[in-house]
Every structure is written in structure tokens, then in C-alpha cells.
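Inspection log for the structure reproduced underneath, given as C-alpha cells.
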Amino acid sequence: MPSPEQILQIVSELAASWTWKMETRQPEPNRIDVVLPSPADLVPFVVGLRVQRLGYLSTITGLDPGVDSGHLELLYHFCPGPAVINLRLTVPRDGARVPTLTEIIPSAESAEREVREMFGVTFDGLRNADPLYLPDDWPAGVYPLRKDFDGNGRLKLA
Amino acid sequence: MEPRSETERFTVPIGPQHPALKEPGHFRISVEGEIVTQAAVRLGYAHRGIEKGAEGRNWIRNQYLVERICGICSHIHATAYCLGVERLAKVEVPPRAQVIRVLVAELERIHSHLLWIGVAGHEAGFDTLFMYSWRDREAIMDVLEALTGNRVNYSANVLGGVKCDVDDALRDTILRTVDGLEKRTEHYLRVVTTDALFLQRTRGIGVMTRAQAEVLGAVGPTARASGVERDVRVEAPYAAYPSFPVRIVTDTRGDLEARVVVRVRELFECYRLVREILDHMPPGELHGRMPRRIPEGETISRVEAPRGELFYFLKSNGSDTPERVRVRTPTVCNMTSVVRLVVGHQLADVPMILAGIDPCFSCNDRVIDVERKGRAAEQWTWEQLRAYGVDTYHGHRP
Amino acid sequence: MDTVRNFFALVLFPSGLFLLAASLIYEWVDRKLLAQFQNRIGPRWFQPFADVVKLLSKEEVVPRGGSSALFLGLPVIGLAAALTAALYVPLAGLAPSFSFTGDLIVTIYLLSVLTLCMGLAGSNTIGRFSLVGATRTLTQLFSYEAPFLLALLGPALVAGSWQISEISQYAQSHWLILTQPIGFIVAVIGLMGKLELPPFDAPEAETEIVAGALTEYSGRGLALFRLGKGVEMVIGLTLVAAFFLGGVATPLLFLVKTLGLLVVVAGLQALLARLRIDQTVGLWWRYGVLLVFVQWLLIVVLREVRL
């Protein structure tokens, strides 16, 4: 396994090879954040990581910056050995659609199902989109990890 | 509603309440005769909304919340959380505290692996192994109690350090316990590698090749049994692991036997680490100063739980409560592999393969009412119960 | 006078109350021994009694989807068959109450009726665990029955009789465990298969199929089936002791020999991990039957040679 510096180097070179500009940050010595411009870049970039044998997906985190921002953020955490690669993807709050990774990484299924039910992001091509954690009778359109969910099963009224 | 077909009739539901599972989960196993043709998993029966709950509590209270995610590996959850928060706050943790964190983590790993051996034995219908390994597990729980004050949910961590210390008397107790357990573990290793009937249930069952393990994203001993060298303690050492390097234990066979053997071999590695730590305890403070408000930022904290890589993502908005706490437990990763591996196996092997999902459970109260004939109900203390239970037989107290 | 004697034999001794009490005591000994081997405390002496009383007083839940008459009737038939078998066996070292030529075959088949009833009871529900359990129970029945029977035929062959009392008589002067060790081993292990004790407890493997064929049974039915199994254990131990361990002529000999066997059985339970059902079948048909046949041939050939 290469050292963290080498991995970070490989990833920033990969990001630099994109036709359009892709922003990268190194907030910690062993971590690189890559801001993906659009969901369409996700699968090619992950394929690129897997070609470099850096494609161990730890999990996907959903972030809700608040109702006012009008968008959600998805973080794909890849943890090859000592380094952490975060792919950051900003999606609209309503009707967000992101391609699935399960075709390349089968274990992404549980993470995608969780983000789907907790944040309301649709993963195109996800075969099994049943709820994973939430009850079968959970109301449609209520996403508990969004900030406008107050934890009592109701949406906060503005 | 689809019409009930013949195959649906022979879907064996395992869970949410089932003797094979010590915590609720639901598996739908379709069988043809005794052969499994399909498996699906449904989780969430113990979903407590902890990630959401964490957003409403302050940083200190959250430590106690994440400790309650799992009853068996509560310390490692707290460690992952504390390491992350300390990195965000840029607080230096004294070396002695880091070492004690690792010490408790390794004791917890011993506890967890001993427990797992028992569960594996029980799933294989080998209750004698179950009874013996759980009896030995008592010894390690006693040590953890002496060290932290609790048998489960040890709460050894505080933000910025630890709150328990090891003195010389305790050091001797731990070393004695570890010596005793090492002998027992040698015996278990012999049993699980030579007992013909147990091997019939483990050898060549649930084989996961190295390639499969990598594609399915397996972690922890499950991955290491397939030859994947994935161990956060080795890859990205945290806390005191840089000064106490871990020798990674792997196996290449990838079957159930390999998973049992890897876990038992890891026990020896734990014993070695515990001894080395106790011999080289750095002196000093137990905790640093933590601010109440954590500076804005994001961090990722990865640690090696007994079951594999535990992942925490923490985001602070500069206030005294976190913006987001994301927890990914190792079981979620291994679940994918389990659901794939059972297909094609006998129904009888399913619980054995599922045993990769370790059970969690809470410990009983300390005081139990005992009623005896002719006497009023009396309360037994822990020592009395212990004398009645564990010590009566062959006095095994390492 | 005959009526009184028959009534006595059926209700009190050797069948009936005595046997039920004996079966509960043997069950306790088995559980206690197993607990000791496994470093546990184990139940107190009245626990099996308490279990049965509790089960008998509980409400019986009859599941939908099967015949309720069968559901209620099968435990009774099973227990009755097991109790009837006791009439031909030298229980407590005393001569059997009834005896006729060929009662060995009748006894063995009466003992199988209980297992058959359990299999049928499992198939009589729509519960998945019961159905899988019933399949396994019946599969196991077909695997151990032949070798067990063949093992018991060994003593019958040398004694030249199909009558239990005569074989027992013959065995008192010949310790057949010495001349027919294979038969003895197969008989003991066959008995464990019959009683679905570990390692042959796949039909009721709790981690896979909860309680197997009896999953739907709760109150009275479960109590009767459990009693039936206890009775089967006592009779089985008696048969093996009487045939292979130099007969059981007095109550004391009976106690010593059957309890000795029970220690062995409990030890094996503690030592061995559960076999899968396919492994059980394989074991019996590949090794069990073959070994007993070898033994059987040896007996026949040696007898011919001596004559």
C-alpha cells in the first residue's frame, strides 16, 4: 500500500486530468477532498479510483446544510489504507438524482439505501430500493436526517 | 398481493425475533429442500435515531450517547468519537491517556472475541465451547470492571483523555488474568482446529475469496480471514498504536474455519499488546483541557473495532453541538458479504455464516432477588451470586 | 385377578406412573450431568417435574392451517406407544409384564411411533420451522432406525431368540459388550439419534429452526411429547443395558448400569458439535450400517464355524 502522500498525489493528478476544473482540498495531512462538479462525474471518477486500486468505499454521508441553502451534500468516503478520499457532490434538495455505484461497488448498496431513505436522494439504477432502517409504514416524503425534521415524526413548520 | 407460490411457502424467516439472533434483524432465507436459493436482509428493528439525536446534544453528552450504540464495543465507539473531536478542537491528548485508551480497546477486543467464539460454538450446536468461553469472558469483564468501574459501557474516555488509571495492583491483576486466558485460548485454538465435528461445520463453509472480500467491502476479521490485509490499527495507526505496533493476523482460506482461527489468533496478539502496554506505561497526565465549543470543521475518525473498521464523520459548526455525526459500523459492511455467501449453502449453515454479525446485549443488574424456601426474599450481592455461579465449578479464576 | 394385574401393569408399574416418574428423574440426571460437564450448575432435582406440571396447566394454543384433531391426538398416541413399549422390557431389573416371541420387534417399532408422531405433528402445521423440522425428524428416523435395529439384532442372533426376556437371560451370563463392541457403540449412538440428543439434534436445532417439528406446540401437547421422549430414553437405556451390559437382573444392577450408560451419553452430548442433517444421514448409512453388517456377518460365520 502506498503512503498517504502518494495516494493524495495520485488523486489530485486524477482530478487535474479532468477536462473541466475540479476543485481539490487537503484539510488534513492524510485526507483529500474532491469537489465533483456534477453527478455525471461520479461514476467515471470512482472507476478512476478503482483502476488505481484506491476504490474501497467506506460509506456515503449525507449532509444537510439547512433549508435555506436549497441543496444537500453527499460525501463519498474512500478509505484506501492510510488515506481518506472524500468525493463531495452537491445536489438539489428536491428531486435529487445520483447514479448508483452498486454496479462497480456492490457494498455501496447499504449506504445508498440509507442515504435514500434518510435524505431523499434517488439513486438511478439502485436495484433494491426498499427501506433498510425505517419502518415499512414510514410516511413518504419525510426524511429524518434532514434539518427540517424535528425528530418527533413531524416536519418543522417554518 | 402476489399469489402464494410454492417457493414463497418455503421462505424461512430468520428474525426479527429468532433464537439464532441475539439482536433483532430480519433475514428472509428462501430454501429449496435444505439448500438456500436466496437471501435478503432488513435492518432497523433497533434503530434509535442516534445520528439525529446527536445533533441535538452537546459534544460531551454525545460521547455517552455513542457509547450506547453497541454494548460490546462501546469503548471503541467513544474512542473514535473522542479522537475525532480532539482533532477538530486541536487538543493534545497526554500519552498516558492514549495508552490507556489502547489498553481498554484491546481488553474489549479480547472480551468481544471470546464472546464470539462462544456464539460460533452455540450456532454450531457445540454448547460446551459456548459455556467455557463465556465463563472465561467473565474474567476479562472483571478486569474491565476493576479498571473502569463497569462491566459493559465502560466509559473510560472523556473528551481530551481518559478518566481511569492503572496502578501496580491492577497491573498485576491484569497480567495474571491475561496469563490465565492465554492458556485457555491455546486450548480453544486446539479445539477449533482439531475437533472433527466442529470442523465439519466450519471447514470449507461460506468461502469468500480475497477478490470477493475486496469487492464486497468486507472489513475486520472477516476480511482478514480471506487474506485482505485491512486493519486500521496497522494501516493508519491512531491513539497509542504508533508506539505499540500490531502484527496483522490473516488467513488465506476465507472459510468459517479461517474466520474462527483468525479471531483466536488475534486474541494472542491482544494478550501480547496488553503485556507490552503494561510494561511500557508512560507517566503523566490523564487528560488535557477541552473547550466547550468545538471550532468549525470536518474530520473523519477511523478505528479498528473488534469487528472491523469503524468510521466516524464529524462536522462541527462552531457551537457546542455537532452539525452532523455519521457512524458507519463494521457490521453494515460485512452484511453485504453475508447475504451473498449464504446462497447455495445448507440451511443449517446459515446461522453459522450469519454469526459474522456479532450480537450485542446488555448486562444484567448487579443485585438479584433470590427467594428460598422458609426464608424471606433476600438480596444477593454480586460476590454471592458469583460464588453461587462461576466459582463453584473448578474454581477457574485466572 | 388377571384384570387387576393388567390394570396394575398399565397404570402403575412398569408402565404408567412409575415409568413417568423414572423418565423425569433420568431427564434430570441427564441435564445435571450435561450441566456439570459444561461448567454450569444445572437444574434442581424437581425441575423436570415442575416443567411438566407447568406445561400441563398451560393453555394449549391450536394453530390454524392444520387438523386440530391430529394436533391434539398425536401427542397422546406418541406417549401411549412409548408407554406400551415398556410392558415388554425388563424395567427395574424385574421380568417384563408381558412377553411373547418376537416382542423385540414390536418394542422397537412402538418406540419409533413416537418419532413418527412428532414428524406428523410437524407436517400438520403450516409453520415453516415445523415443516423443515418435520422433514429433518423423518429423515433422521430413516437414517438411524436400520443400524439401531441391526445392532440390537446381534444379541438376538447369539441368544437365538426374538424375545427380550430370553435375550436378557442369555446376556446375564455373557457380557456382549466384549464380544460385540461395534453393536454396542452403534446401539448407544443410535439411541442418541432416536432421542435427538446432540450431536443428532439437527431436527430441533434452535439456532436454525427454533424447536423444529414441535415449534407450534405449547401446553399439554408439548408436555406429552417431552414425557414420551423421557420414557423412550429409559426404555432405550434399559434395552441396551440388558442386551450388552450383562443383563439387568436386580433393581440395583439396573440402576447402576443404566445410569452408567447415561453418563456416557451425557458425556458424548457435551463433547460433540451438532451434525447437519446430511452429515447425520451420511454417518449412519456410510459407517453405521456397514459396521453393524460386518459385525453381523462375523457372528453368523463364527457360529457356523463352531457348529
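In the C-alpha cells, chains take letters A, B, ... by order of appearance, with residues numbered from 1 within each chain and ligands from 1 in the order shown.
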
Backbone DSSP call of strand (DSSP E or B) for range 84-238 of chain B, listed as a ChimeraX atom specification: /B:157-158,161-162

Take the selection from the previous step and output its residues with N, CA and C atoms, as a CSV table (one decimal), in the first residue's frame.
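Writing done, so here's result_10.csv:
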```
chain,number,residue,atom,x,y,z
B,157,ASN,N,-13.4,6.8,28.4
B,157,ASN,CA,-12.9,8.0,27.8
B,157,ASN,C,-13.6,9.2,28.3
B,158,VAL,N,-12.9,10.3,28.3
B,158,VAL,CA,-13.6,11.6,28.3
B,158,VAL,C,-13.0,12.4,27.2
B,161,GLY,N,-9.1,12.9,27.0
B,161,GLY,CA,-8.3,11.9,27.7
B,161,GLY,C,-9.1,10.8,28.2
B,162,VAL,N,-8.7,10.2,29.3
B,162,VAL,CA,-9.4,9.1,30.0
B,162,VAL,C,-9.7,9.5,31.4
```

Residues near Gly81 in chain A, cut-off 8 Å, only C-alpha atoms, skip fewer than 4 positions along chain, as a list of chain:residue names: A:Met1, B:Arg230, B:Val232, B:Glu235, B:Ala236

Print the selection's residues with C-alpha atoms to a file, as a PDB file, in the first residue's frame.
```
ATOM      1  CA  MET A   1       0.000   0.000   0.000  1.00  0.00           C
TER       2      MET A   1
ATOM      3  CA  ARG B 230      -7.202  -4.473   6.222  1.00  0.00           C
ATOM      4  CA  VAL B 232      -6.884   0.369  10.703  1.00  0.00           C
ATOM      5  CA  GLU B 235      -2.769   0.995   8.074  1.00  0.00           C
ATOM      6  CA  ALA B 236      -3.464   4.249   9.872  1.00  0.00           C
TER       7      ALA B 236
END
```

Selected residue of minimal separation from Trp284 in chain C among C:Leu141, C:Pro147, C:Phe98, C:Leu153, counting only C-alpha atoms: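 Of the candidates, the smallest distance to Trp284 in chain C is held by C:Pro147.
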
Contact residues around range 67-81 of chain C with only C-alpha atoms at 7 Å, ignoring same-chain residues under 5 positions, as a ChimeraX atom specification: /C:62,110-111,113-114,117,121,124,221,224-225,228

7 Å contacts from chain A to chain B using only C-alpha atoms, as a ChimeraX atom specification: /A:56,59,61,81-82,105-107,132-134,145

Backbone-only DSSP, alpha helix (DSSP H) members of range 33-114 of chain A, as a PyMOL selection string: chain A and resi 42-51+108-114

Once you have the residues from the selection above, write them out as an mmCIF file, in the first residue's frame, restricted to N, CA and C atoms.
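Listed below is the output, out_36.cif:
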```
data_model
loop_
_atom_site.group_PDB
_atom_site.id
_atom_site.type_symbol
_atom_site.label_atom_id
_atom_site.label_comp_id
_atom_site.auth_asym_id
_atom_site.auth_seq_id
_atom_site.Cartn_x
_atom_site.Cartn_y
_atom_site.Cartn_z
ATOM 1 N N LEU A 42 -19.392 11.390 -11.182
ATOM 2 C CA LEU A 42 -19.159 10.465 -10.071
ATOM 3 C C LEU A 42 -18.628 9.120 -10.541
ATOM 4 N N VAL A 43 -19.402 8.461 -11.440
ATOM 5 C CA VAL A 43 -19.012 7.105 -11.837
ATOM 6 C C VAL A 43 -17.637 7.087 -12.521
ATOM 7 N N PRO A 44 -17.362 8.010 -13.486
ATOM 8 C CA PRO A 44 -16.021 7.979 -14.092
ATOM 9 C C PRO A 44 -14.906 8.158 -13.068
ATOM 10 N N PHE A 45 -15.135 9.040 -12.086
ATOM 11 C CA PHE A 45 -14.082 9.278 -11.104
ATOM 12 C C PHE A 45 -13.856 8.041 -10.230
ATOM 13 N N VAL A 46 -14.966 7.390 -9.832
ATOM 14 C CA VAL A 46 -14.829 6.195 -8.998
ATOM 15 C C VAL A 46 -14.138 5.088 -9.785
ATOM 16 N N VAL A 47 -14.467 4.990 -11.076
ATOM 17 C CA VAL A 47 -13.775 3.999 -11.911
ATOM 18 C C VAL A 47 -12.282 4.303 -11.918
ATOM 19 N N GLY A 48 -11.970 5.609 -12.031
ATOM 20 C CA GLY A 48 -10.566 6.010 -11.994
ATOM 21 C C GLY A 48 -9.894 5.593 -10.699
ATOM 22 N N LEU A 49 -10.605 5.767 -9.579
ATOM 23 C CA LEU A 49 -10.039 5.359 -8.286
ATOM 24 C C LEU A 49 -9.822 3.863 -8.239
ATOM 25 N N ARG A 50 -10.800 3.123 -8.774
ATOM 26 C CA ARG A 50 -10.702 1.668 -8.700
ATOM 27 C C ARG A 50 -9.564 1.158 -9.577
ATOM 28 N N VAL A 51 -9.346 1.833 -10.712
ATOM 29 C CA VAL A 51 -8.232 1.442 -11.572
ATOM 30 C C VAL A 51 -6.919 1.587 -10.794
ATOM 31 N N ALA A 108 -21.857 -0.728 -1.894
ATOM 32 C CA ALA A 108 -22.436 0.619 -1.782
ATOM 33 C C ALA A 108 -23.929 0.547 -1.546
ATOM 34 N N GLU A 109 -24.506 -0.651 -1.738
ATOM 35 C CA GLU A 109 -25.962 -0.753 -1.661
ATOM 36 C C GLU A 109 -26.514 -0.275 -0.322
ATOM 37 N N SER A 110 -25.936 -0.775 0.774
ATOM 38 C CA SER A 110 -26.488 -0.413 2.074
ATOM 39 C C SER A 110 -26.359 1.082 2.324
ATOM 40 N N ALA A 111 -25.224 1.665 1.935
ATOM 41 C CA ALA A 111 -25.035 3.105 2.152
ATOM 42 C C ALA A 111 -26.014 3.907 1.305
ATOM 43 N N GLU A 112 -26.216 3.483 0.054
ATOM 44 C CA GLU A 112 -27.120 4.227 -0.823
ATOM 45 C C GLU A 112 -28.564 4.113 -0.353
ATOM 46 N N ARG A 113 -28.918 2.911 0.117
ATOM 47 C CA ARG A 113 -30.288 2.757 0.614
ATOM 48 C C ARG A 113 -30.507 3.646 1.829
ATOM 49 N N GLU A 114 -29.476 3.750 2.667
ATOM 50 C CA GLU A 114 -29.617 4.576 3.860
ATOM 51 C C GLU A 114 -29.771 6.046 3.485
#
```

Contacts of Gln346 in chain B within 8 Å, only C-alpha atoms, excl. fewer than 5 positions in-chain, as a list of chain:residue names: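 In the requested form, the answer reads B:Glu34, B:Ile35, B:Val36.
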
Residue contacts of Arg109 in chain B (12 Å, only C-alpha atoms) excluding same-chain residues fewer than 4 positions away, as an NGL selection string: :B and (72-76 or 102-105 or 113-116 or 137 or 140-141 or 144 or 220-221 or 263-264 or 266-271 or 273-274 or 304-308)

If you keep C-alpha atoms, can you produce a file of those selected residues as a compact mmCIF listing (two decimals), in the first residue's frame?
```txt
# COMPACT_ATOMS: atom_id res chain seq x y z
CA ILE B 72 -19.90 -4.94 23.34
CA CYS B 73 -17.72 -2.35 21.65
CA SER B 74 -18.86 0.77 23.46
CA HIS B 75 -15.29 1.82 24.23
CA ILE B 76 -14.19 1.82 20.62
CA VAL B 102 -5.49 1.34 23.64
CA LEU B 103 -5.29 -0.89 26.71
CA VAL B 104 -9.05 -0.77 27.23
CA ALA B 105 -9.62 -1.23 23.50
CA HIS B 113 -13.62 -12.29 20.50
CA LEU B 114 -14.15 -14.66 23.44
CA LEU B 115 -17.83 -13.88 23.27
CA TRP B 116 -17.84 -14.51 19.55
CA ARG B 137 -15.03 -14.00 29.32
CA ILE B 140 -11.94 -10.15 31.35
CA MET B 141 -15.16 -8.42 32.37
CA LEU B 144 -12.61 -4.16 32.90
CA GLY B 220 -12.20 -6.71 10.15
CA PRO B 221 -11.51 -10.35 10.92
CA ARG B 263 -10.16 -14.34 15.73
CA VAL B 264 -8.48 -16.79 18.09
CA GLU B 266 -5.91 -12.18 17.25
CA LEU B 267 -6.54 -12.96 20.90
CA PHE B 268 -2.86 -13.91 21.30
CA GLU B 269 -1.92 -10.63 19.64
CA CYS B 270 -4.19 -8.82 22.11
CA TYR B 271 -2.52 -10.56 25.06
CA LEU B 273 -0.19 -5.97 23.28
CA VAL B 274 -1.73 -5.78 26.74
CA GLU B 304 -10.46 -0.79 14.36
CA ALA B 305 -13.39 -2.15 16.34
CA PRO B 306 -13.34 -5.86 17.25
CA ARG B 307 -15.50 -6.49 14.17
CA GLY B 308 -13.59 -4.25 11.77
```
